[in-house]
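J.: After the structure tokens below, expect a handful of questions from me.
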Amino acid sequence: MKIQRVRAMEILDSRGTPTLQAEIVLSNGVRATAQVPSGASTGRHEALELRDGDPNRYAGKGVLRAVGNIENTLGPAVTGLDASGQEAIDARLLEQGSGMGANATLAVSCAVARAAAQAAGFPLWKYLAGSRQPVLPVPMVNIISGGLHAGRNLEFQDFLVIPRGYPDLQSSLEAVVRVHRTTGELLAKRGCVLTGVADEGGWGPHLNSNEEAAAILREAITASGASMEIALDVAATHFFGESGYRMEGRARSATEMADLLEAWLPKYGITSIEDALAEDDWEGWKVLTRRLGSRVRLVGDDLFATNPERLNRGIQEQVANAVLVKMNQIGTLSQTFDVIDRAKAVGYGAVISARSGETEDSFLADLAVASGAGQIKIGSITRSERLAKYNRLLEIEKWEL
């Protein structure tokens with residue numbers, strides 16, 4: 001089980017942007033790899049994603065420096081360690097400094113876990129779970145995209161559905177596919193030109209307002225006969241400025257944003273809202289949570305950045321009631337579990353999330369099951385980097401749980 005070799009390479013993510021793959025070889029001959037994602041809608045409190053900055057290569061977004069950090073520093077630092085000691089390995093990775101890049105440390109951290117699971121003869125989710133109670137997560141699925149995921153056609157970033165009342169994941173996904181298809185048909189009837197899909201596989205139409213997207217999605221749910229709740233990812237940081245929240249031609253205060261969202265809850269059947277306000281608008285978040293926190297899941301993504309210090313502040317100040325968990329926001333598997341476990345311990349929800357720039361690696365699906373969080377946000381039900389994770393969940397449900 002000792003780590004014998006660590007190496008890395010530059011690969012491409014779902015947007016054609018470079019990212020990392022790390023490989024771990026154990027002394028017993030077991031080999032395992034892990035690929036890391038990259039976000040477009042990134043908060044300023046996320047851990048460093050190391051890029052080369054060379055304008056003549058991938059517009060500065062190459063990751064050869066991170067590859068070098070793995071092969072010359074991180075790899076040697078963990079070589080010889082027992083792969084089953086995840087926390088010790090992650091601690092050793094972090095000792096090398098934040099300048100290594102969270103993309104580099106995460107690639108090694110996840111590859112080690114996968115290698116250890118293979119060596120132990122366990123499915124990855126079972127190995128990761130440890131003493132936790134594994135749970136097959138309910139998907140939160142992107143249907144209509146806006147914001148940075150779809151060329152800012154709408155201010156709000158995602159309009160999603162959460163299937164409810166289905167006996168298993170397979171039937172849930174069938175219903176989601178019906179809603180996705182019906183939404184496309186409704187958009188086409190309205191004259192929207194649908195020439196492709198957004199970063200996460202959802203429809204990216206030009207509409208007159210954010211509310212129109214919510215209305216179309218509710219209409220599609222009804223027309224398809226599906227049982228779905230609606231979730232929003234507002235990603236409000238990206239339209240927040242000195243004048244407030246600038247959307248649809250005018251500025252709104254945090255209170256006015258709360259007014260708008262509160263009116264939508266019963267109208268469209270919304271049960272989850274992510275990043276309703278900006279990442280550092282703590283006072284606004286307090287107001288929002290007091291007003292809506294007992295009726296809807298208020299998820300912090302940019303707000304918490306999968307960072308235990310920011311999550312603890314949110315808990316202390318009674319801000320939001322759930323955390324979005326993105327491994328590459330923090331940099332190691334152990335830190336990721338620390339955030340999940342802390343949230344669950346105080347009654348906050350946890351949503352395990354992919355990024356807009358993804359790979360075919362299905363690690364996230366196993367993580368979601370192992371964590372017991374109960375919810376996963378992968379993207380839509382198109383594009384292979386999304387389906388790799390959905391199909392892995394189906395495999396776990398069918399053959400392993």
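Residue names in the structure tokens use chain letters A, B, ... in the order shown, residue numbers from 1 in each chain, and ligand numbers from 1 in the order shown.
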Please build the interface table for region 160-221 of chain A against region 137-152 of chain A with a cut-off of 9 Å, listing for each qualifying residue the nearest atom pair and the distance in Å to one decimal; count only C-alpha atoms, order rows by chain and increasing number, and write it as CSV.

T.:
```
residue,atom,partner,partner_atom,distance
A:Leu160,CA,A:Asn142,CA,4.3
A:Val161,CA,A:Val141,CA,5.3
A:Ile162,CA,A:Met140,CA,4.8
A:Pro163,CA,A:Pro139,CA,7.2
A:Arg164,CA,A:Val138,CA,8.4
A:Leu169,CA,A:Val138,CA,7.5
A:Ser172,CA,A:Pro139,CA,8.4
A:Leu173,CA,A:Pro139,CA,8.3
A:Val176,CA,A:Val141,CA,7.6
A:Val179,CA,A:Ile143,CA,8.0
A:His180,CA,A:Ile143,CA,5.8
A:Thr183,CA,A:Ile143,CA,7.7
A:Val197,CA,A:Ala150,CA,8.2
A:Ala198,CA,A:Ala150,CA,5.1
A:Asp199,CA,A:His149,CA,5.2
A:Glu200,CA,A:His149,CA,7.1
A:Gly201,CA,A:Asn142,CA,7.4
A:Gly202,CA,A:Ile143,CA,4.6
A:Trp203,CA,A:Ile144,CA,4.7
A:Gly204,CA,A:Ser145,CA,5.0
A:Pro205,CA,A:Ile144,CA,7.6
A:His206,CA,A:Gly146,CA,8.8
A:Asn210,CA,A:Gly146,CA,8.8
A:Ala213,CA,A:Ile144,CA,7.1
A:Ala214,CA,A:Ile144,CA,8.8
A:Leu217,CA,A:Ile143,CA,7.8
```

J.: Restricting the output to N, CA and C atoms, write the selected residues as a PDB file, in the first residue's frame.

T.:
```
ATOM      1  N   LEU A 160     -32.795  24.884 -12.151  1.00  0.00           N
ATOM      2  CA  LEU A 160     -32.614  23.442 -12.015  1.00  0.00           C
ATOM      3  C   LEU A 160     -33.875  22.771 -11.494  1.00  0.00           C
ATOM      4  N   VAL A 161     -33.916  21.452 -11.634  1.00  0.00           N
ATOM      5  CA  VAL A 161     -35.021  20.665 -11.075  1.00  0.00           C
ATOM      6  C   VAL A 161     -34.477  19.634 -10.099  1.00  0.00           C
ATOM      7  N   ILE A 162     -35.296  19.316  -9.100  1.00  0.00           N
ATOM      8  CA  ILE A 162     -34.994  18.269  -8.126  1.00  0.00           C
ATOM      9  C   ILE A 162     -36.145  17.274  -8.155  1.00  0.00           C
ATOM     10  N   PRO A 163     -35.928  16.062  -8.634  1.00  0.00           N
ATOM     11  CA  PRO A 163     -37.017  15.074  -8.684  1.00  0.00           C
ATOM     12  C   PRO A 163     -37.418  14.629  -7.287  1.00  0.00           C
ATOM     13  N   ARG A 164     -38.710  14.520  -7.059  1.00  0.00           N
ATOM     14  CA  ARG A 164     -39.228  14.088  -5.759  1.00  0.00           C
ATOM     15  C   ARG A 164     -40.282  13.010  -5.945  1.00  0.00           C
ATOM     16  N   LEU A 169     -33.118   6.174  -8.505  1.00  0.00           N
ATOM     17  CA  LEU A 169     -32.447   7.168  -9.338  1.00  0.00           C
ATOM     18  C   LEU A 169     -32.793   6.985 -10.809  1.00  0.00           C
ATOM     19  N   SER A 172     -35.992   8.618 -11.536  1.00  0.00           N
ATOM     20  CA  SER A 172     -35.820  10.061 -11.360  1.00  0.00           C
ATOM     21  C   SER A 172     -35.182  10.682 -12.602  1.00  0.00           C
ATOM     22  N   LEU A 173     -34.137  10.037 -13.112  1.00  0.00           N
ATOM     23  CA  LEU A 173     -33.452  10.582 -14.280  1.00  0.00           C
ATOM     24  C   LEU A 173     -34.323  10.516 -15.527  1.00  0.00           C
ATOM     25  N   VAL A 176     -36.410  13.524 -15.344  1.00  0.00           N
ATOM     26  CA  VAL A 176     -35.619  14.718 -15.632  1.00  0.00           C
ATOM     27  C   VAL A 176     -35.396  14.872 -17.134  1.00  0.00           C
ATOM     28  N   VAL A 179     -38.398  16.374 -18.664  1.00  0.00           N
ATOM     29  CA  VAL A 179     -38.488  17.811 -18.407  1.00  0.00           C
ATOM     30  C   VAL A 179     -37.516  18.574 -19.305  1.00  0.00           C
ATOM     31  N   HIS A 180     -36.305  18.067 -19.439  1.00  0.00           N
ATOM     32  CA  HIS A 180     -35.310  18.725 -20.303  1.00  0.00           C
ATOM     33  C   HIS A 180     -35.802  18.793 -21.747  1.00  0.00           C
ATOM     34  N   THR A 183     -38.760  21.209 -22.053  1.00  0.00           N
ATOM     35  CA  THR A 183     -38.299  22.599 -21.978  1.00  0.00           C
ATOM     36  C   THR A 183     -37.762  23.060 -23.322  1.00  0.00           C
ATOM     37  N   VAL A 197     -25.772  23.848 -26.462  1.00  0.00           N
ATOM     38  CA  VAL A 197     -26.059  23.835 -25.034  1.00  0.00           C
ATOM     39  C   VAL A 197     -25.010  24.662 -24.305  1.00  0.00           C
ATOM     40  N   ALA A 198     -25.330  25.026 -23.068  1.00  0.00           N
ATOM     41  CA  ALA A 198     -24.419  25.813 -22.250  1.00  0.00           C
ATOM     42  C   ALA A 198     -23.331  24.923 -21.648  1.00  0.00           C
ATOM     43  N   ASP A 199     -22.454  25.530 -20.860  1.00  0.00           N
ATOM     44  CA  ASP A 199     -21.288  24.827 -20.323  1.00  0.00           C
ATOM     45  C   ASP A 199     -21.642  23.538 -19.592  1.00  0.00           C
ATOM     46  N   GLU A 200     -22.762  23.544 -18.879  1.00  0.00           N
ATOM     47  CA  GLU A 200     -23.124  22.369 -18.088  1.00  0.00           C
ATOM     48  C   GLU A 200     -24.234  21.543 -18.724  1.00  0.00           C
ATOM     49  N   GLY A 201     -24.496  21.788 -20.014  1.00  0.00           N
ATOM     50  CA  GLY A 201     -25.429  20.950 -20.748  1.00  0.00           C
ATOM     51  C   GLY A 201     -26.864  21.421 -20.767  1.00  0.00           C
ATOM     52  N   GLY A 202     -27.172  22.515 -20.055  1.00  0.00           N
ATOM     53  CA  GLY A 202     -28.540  23.035 -20.060  1.00  0.00           C
ATOM     54  C   GLY A 202     -28.814  23.879 -21.295  1.00  0.00           C
ATOM     55  N   TRP A 203     -30.087  24.194 -21.511  1.00  0.00           N
ATOM     56  CA  TRP A 203     -30.458  25.114 -22.578  1.00  0.00           C
ATOM     57  C   TRP A 203     -29.980  26.519 -22.209  1.00  0.00           C
ATOM     58  N   GLY A 204     -29.530  27.287 -23.198  1.00  0.00           N
ATOM     59  CA  GLY A 204     -29.044  28.642 -22.938  1.00  0.00           C
ATOM     60  C   GLY A 204     -29.774  29.677 -23.773  1.00  0.00           C
ATOM     61  N   PRO A 205     -31.089  29.836 -23.584  1.00  0.00           N
ATOM     62  CA  PRO A 205     -31.870  30.729 -24.440  1.00  0.00           C
ATOM     63  C   PRO A 205     -31.747  32.203 -24.054  1.00  0.00           C
ATOM     64  N   HIS A 206     -32.029  33.079 -25.006  1.00  0.00           N
ATOM     65  CA  HIS A 206     -32.180  34.503 -24.720  1.00  0.00           C
ATOM     66  C   HIS A 206     -33.649  34.739 -24.376  1.00  0.00           C
ATOM     67  N   ASN A 210     -35.361  36.900 -16.034  1.00  0.00           N
ATOM     68  CA  ASN A 210     -35.052  35.710 -15.255  1.00  0.00           C
ATOM     69  C   ASN A 210     -36.318  34.966 -14.858  1.00  0.00           C
ATOM     70  N   ALA A 213     -37.643  32.448 -17.334  1.00  0.00           N
ATOM     71  CA  ALA A 213     -37.000  31.131 -17.298  1.00  0.00           C
ATOM     72  C   ALA A 213     -37.655  30.240 -16.250  1.00  0.00           C
ATOM     73  N   ALA A 214     -37.936  30.793 -15.073  1.00  0.00           N
ATOM     74  CA  ALA A 214     -38.605  30.022 -14.019  1.00  0.00           C
ATOM     75  C   ALA A 214     -39.995  29.586 -14.464  1.00  0.00           C
ATOM     76  N   LEU A 217     -39.795  26.780 -17.038  1.00  0.00           N
ATOM     77  CA  LEU A 217     -39.407  25.521 -16.396  1.00  0.00           C
ATOM     78  C   LEU A 217     -40.587  24.909 -15.647  1.00  0.00           C
TER      79      LEU A 217
END
```

J.: I want to know what sits within 12 Å of region 114-120 of chain A, based on only C-alpha atoms, with residues of the same chain fewer than 6 positions away left out; could you give that as a PyMOL selection string?

T.: chain A and resi 1-6+22-35+81-86+89+107-108+126-130+333+361-364+366-367

J.: Run DSSP on the backbone of this structure and report the residues of region 134-222 of chain A it assigns to alpha helix (DSSP H), as number ranges by chain.

T.: A: 169-189, 210-222

J.: Write out as a list in words the residues lying within 12 Å of region 54-57 of chain A, counting only C-alpha atoms and excluding same-chain residues fewer than 6 positions away.

T.: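 Selected residues are Thr17, Pro18, Val63, Leu64 and Arg65 of chain A.
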
J.: Rounded to one decimal, what separation in Å do you get between CA of Val135 (chain A) and CA of Val299 (chain A)?

T.: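 Spanning CA of Val135 (chain A) to CA of Val299 (chain A) is a straight-line distance of 19.8 Å.
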
J.: Need to verify the contact set: region 240-247 of chain A, 8 Å, only C-alpha atoms, exclusion of same-chain residues closer than 5 positions in sequence. Can you return it as a list in words?

T.: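 Returned residues: Glu155, Arg252, Ser253, Ala254, Met257 and Ala278 of chain A.
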
J.: Using only C-alpha atoms, can you tell me which of A:Ala343, A:Gln170, A:Ala8, A:Leu106 comes closest to Asn391 (chain A)?

T.: A:Gln170

J.: Looking at A:Asp302, A:Glu395, A:Glu360, A:Glu248, which one is nearest to Gln329 (chain A), with distances taken over only C-alpha atoms?

T.: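 Among the listed residues, the smallest separation from Gln329 (chain A) belongs to A:Asp302.
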
J.: Just give me the gap between CA of Arg355 (chain A) and CA of Ile378 (chain A) in Å, one decimal is fine.

T.: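 Taking CA of Arg355 (chain A) as the start and CA of Ile378 (chain A) as the end point, the length is 7.6 Å.
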